[in-house]
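What's in work.cif: mmCIF, C-alpha atoms
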data_target
loop_
_atom_site.label_atom_id
_atom_site.label_comp_id
_atom_site.auth_asym_id
_atom_site.auth_seq_id
_atom_site.Cartn_x
_atom_site.Cartn_y
_atom_site.Cartn_z
CA MET G 1491 6.68 5.49 15.78
CA LYS G 1492 5.94 9.06 14.70
CA TYR G 1493 2.49 10.61 14.41
CA VAL G 1494 1.61 13.19 11.75
CA THR G 1495 -1.34 15.40 12.68
CA TYR G 1496 -3.64 16.47 9.85
CA ARG G 1497 -7.06 18.05 9.42
CA LEU G 1498 -9.76 16.32 7.40
CA GLY G 1499 -13.19 17.92 7.33
CA ALA G 1500 -14.13 19.04 10.83
CA TYR G 1501 -11.62 16.78 12.59
CA PHE G 1502 -7.95 16.73 13.46
CA ARG G 1503 -6.52 13.21 13.26
CA ARG G 1504 -3.20 11.43 13.70
CA MET G 1505 -1.51 9.18 11.16
CA ALA G 1506 1.08 6.75 12.51
CA VAL G 1507 4.38 6.50 10.62
CA GLN G 1508 7.17 3.95 11.01
CA ILE G 1509 10.62 5.38 10.34
CA SER G 1510 13.97 3.64 9.95
CA GLY G 1511 17.39 4.52 8.61
CA ASP G 1512 19.54 7.61 8.59
CA PRO G 1513 17.58 10.82 7.84
CA SER G 1514 20.56 12.08 5.85
CA ASN G 1515 19.94 9.32 3.27
CA PRO G 1516 17.44 9.62 0.39
CA ALA G 1517 13.85 9.28 1.63
CA LEU G 1518 11.72 6.35 0.46
CA VAL G 1519 8.02 6.60 1.34
CA CYS G 1520 6.31 3.17 1.37
CA VAL G 1521 2.49 3.03 1.38
CA HIS G 1522 0.48 -0.17 1.80
CA GLY G 1523 -2.69 -1.52 0.23
CA LEU G 1524 -6.39 -1.33 1.08
CA THR G 1525 -6.59 -3.38 4.29
CA ARG G 1526 -2.91 -3.69 5.08
CA ASN G 1527 -0.52 -1.58 7.17
CA SER G 1528 3.03 -0.29 7.31
CA HIS G 1529 4.43 -3.62 8.54
CA ASP G 1530 4.16 -4.97 4.99
CA PHE G 1531 7.46 -3.14 4.42
CA ASP G 1532 9.35 -4.49 7.45
CA ARG G 1533 11.53 -6.76 5.34
CA LEU G 1534 12.25 -3.98 2.84
CA ALA G 1535 13.06 -1.54 5.67
CA ALA G 1536 15.49 -4.02 7.21
CA GLU G 1537 17.23 -4.49 3.86
CA PHE G 1538 17.23 -0.84 2.74
CA SER G 1539 17.80 1.17 5.92
CA ASP G 1540 21.56 1.15 5.28
CA GLN G 1541 21.04 3.27 2.16
CA PHE G 1542 17.62 4.93 2.50
CA TYR G 1543 15.50 6.76 5.04
CA ILE G 1544 12.38 4.55 5.12
CA VAL G 1545 9.08 6.27 5.92
CA ALA G 1546 6.06 3.92 6.09
CA PRO G 1547 2.68 5.31 7.21
CA ASP G 1548 -0.43 3.47 8.36
CA LEU G 1549 -3.18 4.99 6.23
CA PRO G 1550 -6.17 6.35 8.19
CA GLY G 1551 -8.21 3.57 9.75
CA ARG G 1552 -5.34 1.08 9.60
CA GLY G 1553 -2.75 -0.03 12.12
CA GLU G 1554 -1.96 2.61 14.73
CA SER G 1555 -3.59 5.50 12.85
CA ASP G 1556 -6.84 7.11 13.95
CA TRP G 1557 -10.08 5.82 12.48
CA LEU G 1558 -12.26 8.19 10.46
CA GLU G 1559 -15.78 9.29 11.38
CA SER G 1560 -17.82 7.39 8.78
CA PRO G 1561 -17.50 4.80 6.00
CA ALA G 1562 -18.04 7.45 3.32
CA VAL G 1563 -14.76 9.17 4.20
CA TYR G 1564 -12.69 6.09 3.38
CA GLN G 1565 -11.78 6.85 -0.22
CA PRO G 1566 -8.49 7.78 -1.95
CA MET G 1567 -8.98 11.54 -1.97
CA SER G 1568 -9.23 11.52 1.84
CA TYR G 1569 -5.83 9.88 2.11
CA LEU G 1570 -4.12 12.60 0.11
CA GLU G 1571 -4.57 15.06 2.98
CA PRO G 1572 -2.52 13.13 5.58
CA LEU G 1573 -0.02 12.02 2.96
CA THR G 1574 0.48 15.63 1.86
CA HIS G 1575 1.10 16.55 5.50
CA LEU G 1576 3.67 13.76 5.61
CA LEU G 1577 5.42 15.08 2.50
CA ALA G 1578 5.37 18.60 3.96
CA TRP G 1579 6.93 17.29 7.18
CA LEU G 1580 9.68 15.58 5.19
CA ASP G 1581 10.16 18.76 3.13
CA ARG G 1582 12.50 17.14 0.61
CA PRO G 1583 12.45 15.13 -2.61
CA VAL G 1584 11.28 11.56 -2.03
CA PHE G 1585 11.04 8.21 -3.74
CA TRP G 1586 7.58 6.59 -3.49
CA LEU G 1587 6.72 2.89 -3.34
CA GLY G 1588 2.99 2.15 -3.27
CA THR G 1589 1.24 -1.21 -3.17
CA SER G 1590 -2.25 -1.17 -4.71
CA LEU G 1591 -4.07 1.68 -2.91
CA GLY G 1592 -0.70 3.10 -1.90
CA GLY G 1593 0.19 3.22 -5.58
CA ILE G 1594 -3.05 5.01 -6.45
CA CYS G 1595 -2.19 7.64 -3.85
CA GLY G 1596 1.30 7.86 -5.29
CA MET G 1597 0.00 8.44 -8.82
CA LEU G 1598 -2.40 11.15 -7.68
CA LEU G 1599 0.32 12.96 -5.74
CA ALA G 1600 3.07 12.53 -8.34
CA ALA G 1601 0.82 13.98 -11.05
CA ALA G 1602 0.45 17.28 -9.18
CA GLN G 1603 2.59 20.23 -10.28
CA GLY G 1604 5.60 20.68 -8.01
CA ALA G 1605 5.26 17.21 -6.49
CA PRO G 1606 8.37 16.16 -4.53
CA ILE G 1607 8.18 12.56 -5.81
CA THR G 1608 11.22 11.98 -8.02
CA ARG G 1609 10.86 8.22 -8.63
CA LEU G 1610 7.65 6.20 -8.46
CA ILE G 1611 7.33 2.46 -7.84
CA LEU G 1612 3.87 0.94 -8.35
CA ASN G 1613 3.43 -2.51 -6.83
CA ASP G 1614 0.71 -4.35 -8.75
CA ILE G 1615 -1.30 -1.30 -9.63
CA GLY G 1616 -1.52 0.74 -12.82
CA PRO G 1617 -3.56 3.35 -14.63
CA PHE G 1618 -6.40 0.94 -15.41
CA ILE G 1619 -8.22 -1.23 -12.84
CA PRO G 1620 -10.82 -3.70 -14.15
CA ALA G 1621 -14.13 -3.96 -12.33
CA ALA G 1622 -13.83 -7.75 -12.08
CA SER G 1623 -10.78 -7.46 -9.83
CA LEU G 1624 -12.62 -5.01 -7.55
CA ARG G 1625 -15.54 -7.45 -7.28
CA ARG G 1626 -13.10 -10.14 -6.15
CA ILE G 1627 -11.67 -7.84 -3.48
CA ALA G 1628 -15.18 -6.95 -2.32
CA SER G 1629 -15.89 -10.66 -1.84
CA TYR G 1630 -13.29 -11.00 0.95
CA ILE G 1631 -12.80 -7.54 2.39
CA GLN G 1632 -15.42 -8.02 5.15
CA PRO G 1633 -13.61 -10.27 7.66
CA PRO G 1634 -15.06 -12.10 10.68
CA GLU G 1635 -15.59 -9.73 13.59
CA ARG G 1636 -13.62 -11.94 15.95
CA PHE G 1637 -10.91 -14.59 15.81
CA GLU G 1638 -10.36 -16.97 18.70
CA GLY G 1639 -6.59 -16.61 18.48
CA LEU G 1640 -3.61 -15.81 16.29
CA ALA G 1641 -3.64 -19.21 14.55
CA ALA G 1642 -7.21 -18.67 13.32
CA LEU G 1643 -6.39 -15.15 12.14
CA GLU G 1644 -3.31 -16.40 10.30
CA ALA G 1645 -5.31 -19.15 8.60
CA TYR G 1646 -7.78 -16.53 7.40
CA LEU G 1647 -5.00 -14.32 6.02
CA ARG G 1648 -3.40 -17.26 4.22
CA THR G 1649 -6.70 -17.69 2.38
CA VAL G 1650 -7.73 -14.13 1.54
CA GLN G 1651 -4.20 -12.78 0.96
CA ARG G 1652 -2.94 -15.77 -1.01
CA GLY G 1653 -1.86 -13.44 -3.81
CA PHE G 1654 0.97 -12.24 -1.55
CA ALA G 1655 4.08 -14.09 -2.65
CA PRO G 1656 6.64 -15.25 -2.00
CA MET G 1657 5.70 -15.98 1.63
CA ASN G 1658 7.11 -18.61 3.98
CA ASP G 1659 5.70 -19.70 7.35
CA ALA G 1660 7.64 -16.99 9.20
CA ASP G 1661 6.29 -14.34 6.81
CA TRP G 1662 2.69 -15.46 7.38
CA HIS G 1663 3.18 -15.49 11.14
CA HIS G 1664 4.65 -11.99 11.00
CA MET G 1665 1.71 -10.80 8.90
CA ALA G 1666 -0.74 -12.27 11.40
CA GLU G 1667 1.02 -10.70 14.38
CA THR G 1668 1.17 -7.26 12.78
CA SER G 1669 -2.36 -7.45 11.32
CA SER G 1670 -4.18 -8.16 14.59
CA ARG G 1671 -5.68 -6.03 17.34
CA ALA G 1672 -6.85 -7.24 20.73
CA LEU G 1673 -10.54 -7.19 21.60
CA PRO G 1674 -11.85 -6.53 25.12
CA ASP G 1675 -13.06 -10.15 25.45
CA GLY G 1676 -9.60 -11.55 24.72
CA GLY G 1677 -10.21 -12.38 21.07
CA LEU G 1678 -8.55 -10.80 18.06
CA ALA G 1679 -9.71 -8.77 15.07
CA LEU G 1680 -7.93 -7.53 11.98
CA HIS G 1681 -6.16 -4.22 12.58
CA TYR G 1682 -8.34 -1.96 10.47
CA ASP G 1683 -11.63 -0.15 10.81
CA PRO G 1684 -14.51 -2.41 9.61
CA ALA G 1685 -16.05 0.71 8.06
CA ILE G 1686 -13.42 0.45 5.31
CA ALA G 1687 -15.18 -2.68 4.08
CA THR G 1688 -18.56 -0.95 4.35
CA ALA G 1689 -17.30 1.90 2.18
CA PHE G 1690 -15.82 -0.43 -0.41
CA ALA G 1691 -19.04 -2.43 -0.70
CA ALA G 1692 -21.25 0.66 -0.94
CA THR G 1693 -20.90 1.06 -4.70
CA GLU G 1694 -21.02 -1.35 -7.60
CA PRO G 1695 -17.46 -1.83 -8.89
CA GLN G 1696 -16.71 -0.27 -12.27
CA ASP G 1697 -13.59 -0.05 -14.40
CA ILE G 1698 -11.32 2.72 -13.11
CA ASP G 1699 -9.30 4.72 -15.63
CA PHE G 1700 -6.33 6.65 -14.24
CA TRP G 1701 -4.61 7.14 -17.60
CA PRO G 1702 -4.92 10.96 -17.61
CA VAL G 1703 -3.38 11.05 -14.13
CA TYR G 1704 -0.66 8.59 -15.09
CA ARG G 1705 0.32 10.53 -18.21
CA ALA G 1706 0.76 13.69 -16.12
CA ILE G 1707 3.52 12.02 -14.05
CA GLY G 1708 6.93 13.16 -15.20
CA CYS G 1709 9.25 11.12 -12.97
CA PRO G 1710 10.76 7.69 -13.80
CA LYS G 1711 8.53 4.72 -12.96
CA LEU G 1712 9.03 1.09 -12.01
CA ILE G 1713 5.95 -1.14 -12.30
CA ILE G 1714 5.90 -4.47 -10.44
CA ARG G 1715 3.32 -7.08 -11.45
CA GLY G 1716 2.36 -10.34 -9.80
CA GLU G 1717 2.45 -13.08 -12.41
CA HIS G 1718 -1.18 -14.04 -11.76
CA SER G 1719 -2.54 -10.59 -10.90
CA ASP G 1720 -6.06 -9.72 -12.04
CA LEU G 1721 -5.73 -6.09 -10.90
CA LEU G 1722 -2.74 -5.12 -13.04
CA THR G 1723 -3.60 -6.87 -16.29
CA PRO G 1724 -0.99 -8.02 -18.83
CA GLU G 1725 -2.37 -5.47 -21.29
CA THR G 1726 -1.98 -2.53 -18.92
CA PHE G 1727 1.44 -3.78 -17.86
CA ALA G 1728 2.57 -3.93 -21.49
CA GLU G 1729 1.16 -0.45 -22.20
CA VAL G 1730 2.98 1.28 -19.32
CA GLN G 1731 6.22 -0.30 -20.47
CA SER G 1732 5.62 0.86 -24.03
CA GLN G 1733 5.33 4.39 -22.57
CA GLY G 1734 8.71 4.17 -20.88
CA ALA G 1735 8.15 2.56 -17.48
CA ARG G 1736 10.47 -0.17 -16.32
CA GLY G 1737 8.62 -3.41 -15.50
CA ILE G 1738 9.29 -6.60 -13.56
CA VAL G 1739 7.12 -9.66 -12.92
CA VAL G 1740 7.16 -11.59 -9.63
CA PRO G 1741 6.73 -15.30 -10.40
CA GLY G 1742 3.95 -17.08 -8.53
CA ALA G 1743 2.46 -13.90 -7.08
CA GLY G 1744 -1.04 -12.58 -7.57
CA HIS G 1745 -2.27 -9.34 -6.05
CA ALA G 1746 0.00 -8.21 -4.63
CA PRO G 1747 3.66 -9.25 -4.52
CA SER G 1748 4.96 -9.24 -0.94
CA LEU G 1749 8.34 -7.73 -1.95
CA ASN G 1750 9.97 -10.17 0.46
CA ASP G 1751 12.12 -11.85 -2.18
CA ALA G 1752 15.69 -10.98 -3.04
CA ALA G 1753 14.97 -10.48 -6.75
CA SER G 1754 12.25 -7.87 -6.17
CA LEU G 1755 14.33 -6.04 -3.58
CA ALA G 1756 17.34 -6.01 -5.89
CA ALA G 1757 15.25 -4.59 -8.75
CA ILE G 1758 13.86 -1.85 -6.50
CA ARG G 1759 17.29 -0.89 -5.22
CA GLU G 1760 18.72 -0.83 -8.73
CA PHE G 1761 15.90 1.43 -9.91
CA LEU G 1762 16.32 3.85 -7.02
CA VAL G 1763 20.10 4.24 -7.32
CA ALA G 1764 20.21 4.39 -11.12
#
As C-alpha cells, the full file:
Amino acid sequence: MKYVTYRLGAYFRRMAVQISGDPSNPALVCVHGLTRNSHDFDRLAAEFSDQFYIVAPDLPGRGESDWLESPAVYQPMSYLEPLTHLLAWLDRPVFWLGTSLGGICGMLLAAAQGAPITRLILNDIGPFIPAASLRRIASYIQPPERFEGLAALEAYLRTVQRGFAPMNDADWHHMAETSSRALPDGGLALHYDPAIATAFAATEPQDIDFWPVYRAIGCPKLIIRGEHSDLLTPETFAEVQSQGARGIVVPGAGHAPSLNDAASLAAIREFLVA
C-alpha cells in the first residue's frame, strides 16, 4: 500500500493507493464508486498485472484513506485534488477506469487541457445522470451503524449492492471482507466515513448534465453499461456511442457491473491495447 499526501483546504491528508504489476508497463488508474473502495478492482488487478501497472486509490473517506473534516467536503471537486497529486506522482500518460463516481472524476480530469489520460473507461456512468437514480442511491447509502458480524454485513451488501454483477458467493464474501472495519466493541461497520451519506442526503437530487465536460474529452472512450442500470440510461448510452465511444453491455447487471466476468475483462483489455 502506498500513501499519497495532498493538501485540501487547511489540512494535509493521506490517500491510500493499491499498486500491482510492473511499473515499466502502461499505467491503468482504477477508481471506485461512491461508497466502495479499491478492492473492487482486485480481480481486474490479478488478471491485468501481467500487462499493466495497476494503480487503485481509496478515495478520501473510504478504505484506508484519511477521512475529511466535514460532510460538506465530500463532493467530486474535493476528490480531484488527491487524484491530481496521484497523477503528478505517476508523472506519465495513464489509462483511466472509473466506476460511477470514479468515472465522474475521470471525466473532469480528462477534460482538462494537458490531461495525461490517454484512454478513458467509464463503468456505468455517463454525461447525464437522472435524478431518479440518485434518489434510489440516497435511499440505501445510510447503512446501519453496526453489524454483529461478517455474515450480517455480507447480507446487507447483497441487498443494497445487488446491481453488482456477475457475483458468486466467493465474490460477495470478498466484498464483505474488504468493505468492513472493526469497531471497538467487536462489531463491524462499513469501511467508509458515515459523513459521506450525510453529504449525499443534504441536497435534493436533480438531473446532472456533464455533456459540456464530456465533449471536451479528446481521448478514446469505452462505456460499460449494466443491462438494468438506471444511472446510465439507454438513451445516454446510445448517444455516447453515436459520438464515437465504444460501448458494451453487461447482461444481468444493474449499477454497477462488477467487472469480474471474463467478457468484460476481455473487452477492457482489447480497448486498452488497440
>> Using the chain letters and numbers from this file, what does the PyMOL selection byres ((chain G and resi 1647-1649) around 10) select? Give the answer as a ChimeraX atom specification.
In response: /G:1630,1633,1641-1646,1650-1654,1657,1659,1662-1663,1665-1666,1669,1680
Counting all atoms listed in the file, which residues in range 1580-1690 of chain G sit no more than 12 Å from range 1741-1757 of chain G? For each one, give the nearest pair of atoms and the distance in Å, sorted by chain then residue number, as a Markdown table.
| residue | atom | partner | partner_atom | distance |
| --- | --- | --- | --- | --- |
| G:Leu1587 | CA | G:Leu1749 | CA | 10.8 |
| G:Gly1588 | CA | G:Ala1746 | CA | 10.9 |
| G:Thr1589 | CA | G:Ala1746 | CA | 7.3 |
| G:Ser1590 | CA | G:Ala1746 | CA | 7.4 |
| G:Leu1591 | CA | G:Ala1746 | CA | 10.8 |
| G:Gly1592 | CA | G:Ala1746 | CA | 11.7 |
| G:Gly1593 | CA | G:Ala1746 | CA | 11.5 |
| G:Ile1611 | CA | G:Ala1757 | CA | 10.6 |
| G:Leu1612 | CA | G:Ala1746 | CA | 10.6 |
| G:Asn1613 | CA | G:Ala1746 | CA | 7.0 |
| G:Asp1614 | CA | G:Ala1746 | CA | 5.7 |
| G:Ile1615 | CA | G:Ala1746 | CA | 8.6 |
| G:Ser1623 | CA | G:His1745 | CA | 9.5 |
| G:Leu1624 | CA | G:His1745 | CA | 11.3 |
| G:Arg1626 | CA | G:His1745 | CA | 10.9 |
| G:Ile1627 | CA | G:His1745 | CA | 9.9 |
| G:Val1650 | CA | G:His1745 | CA | 10.5 |
| G:Gln1651 | CA | G:His1745 | CA | 8.0 |
| G:Arg1652 | CA | G:Gly1744 | CA | 7.5 |
| G:Gly1653 | CA | G:Gly1744 | CA | 3.9 |
| G:Phe1654 | CA | G:Pro1747 | CA | 5.0 |
| G:Ala1655 | CA | G:Ala1743 | CA | 4.7 |
| G:Pro1656 | CA | G:Ser1748 | CA | 6.3 |
| G:Met1657 | CA | G:Ser1748 | CA | 7.3 |
| G:Asn1658 | CA | G:Asn1750 | CA | 9.6 |
| G:Ala1660 | CA | G:Asn1750 | CA | 11.3 |
| G:Asp1661 | CA | G:Asn1750 | CA | 8.4 |
| G:Trp1662 | CA | G:Ser1748 | CA | 10.6 |
| G:His1664 | CA | G:Asn1750 | CA | 11.9 |
| G:Met1665 | CA | G:Ser1748 | CA | 10.5 |
>> Nearest residue to Ile1544 in chain G out of G:Asp1532, G:Asp1699, G:Asp1581, G:Asp1556, using all atoms listed in the file?
In response: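 With all atoms listed in the file as the atom set, the closest residue is G:Asp1532.
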>> My list of candidates is G:Pro1513, G:Leu1558, G:Phe1542, G:Pro1547. Which is closest to Leu1498 in chain G when distances are computed with all atoms listed in the file?
In response: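 Between G:Pro1513, G:Leu1558, G:Phe1542, G:Pro1547, the residue approaching Leu1498 in chain G most closely is G:Leu1558.
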> For the atom pair CA of Cys1520 in chain G and CA of Ala1546 in chain G, what is the interatomic distance in Å to one decimal place?
Replying inline: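 Computing the Euclidean distance for CA of Cys1520 in chain G and CA of Ala1546 in chain G yields 4.8 Å.
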>> Under the PyMOL selection byres ((chain G and resi 1551) around 10), which residues of this model are included? Write them out as a list in words.
In response: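 So the PyMOL selection byres ((chain G and resi 1551) around 10), applied here, picks out Met1505, Thr1525, Asn1527, Asp1548, Leu1549, Pro1550, Arg1552, Gly1553, Glu1554, Ser1555, Asp1556, Trp1557, Leu1558, Glu1559, Tyr1564, His1681, Tyr1682, Asp1683, Pro1684, Ala1685 and Ile1686 of chain G.
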>> Just checking: using all atoms listed in the file, which residue out of G:Val1763, G:Leu1534, G:Ile1738, G:Ala1601 ends up closest to Tyr1704 in chain G?
In response: G:Ala1601
> On this structure, which residues satisfy the PyMOL selection byres ((chain G and resi 1539) around 12), written as a PyMOL selection string?
Replying inline: chain G and resi 1509-1518+1531-1538+1540-1545+1759
Centre and size of axis-aligned box enclosing range 1720-1726 of chain G plus 4 Å each side, as lines of an AutoDock Vina configuration file:
center_x = -3.5
center_y = -6.1
center_z = -16.1
size_x = 13.1
size_y = 15.2
size_z = 18.4
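Nearest residue to Ala1691 in chain G, choosing from G:Leu1576, G:Ala1506, G:Ala1628, G:Met1597 and counting all atoms listed in the file: G:Ala1628.
Atom pair CA of Trp1701 in chain G / CA of Phe1618 in chain G: separated by 6.8 Å.
All residues of protein, DNA or RNA that reach within 9 Å of Pro1583 in chain G, judged by only C-alpha atoms and not counting those fewer than 6 positions away in the chain, are G:Pro1516, G:Ala1517, G:Leu1577, G:Ala1605, G:Pro1606, G:Ile1607, G:Thr1608.
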> Which value, in Å to one decimal, gives the distance between CA of Gln1733 in chain G and CA of Ser1568 in chain G?
Replying inline: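 So the answer is 29.3 Å.
Checking G:Phe1727, G:Val1494, G:Leu1712, G:Glu1717 one by one against Glu1760 in chain G, counting all atoms listed in the file, you find the shortest gap at G:Leu1712.
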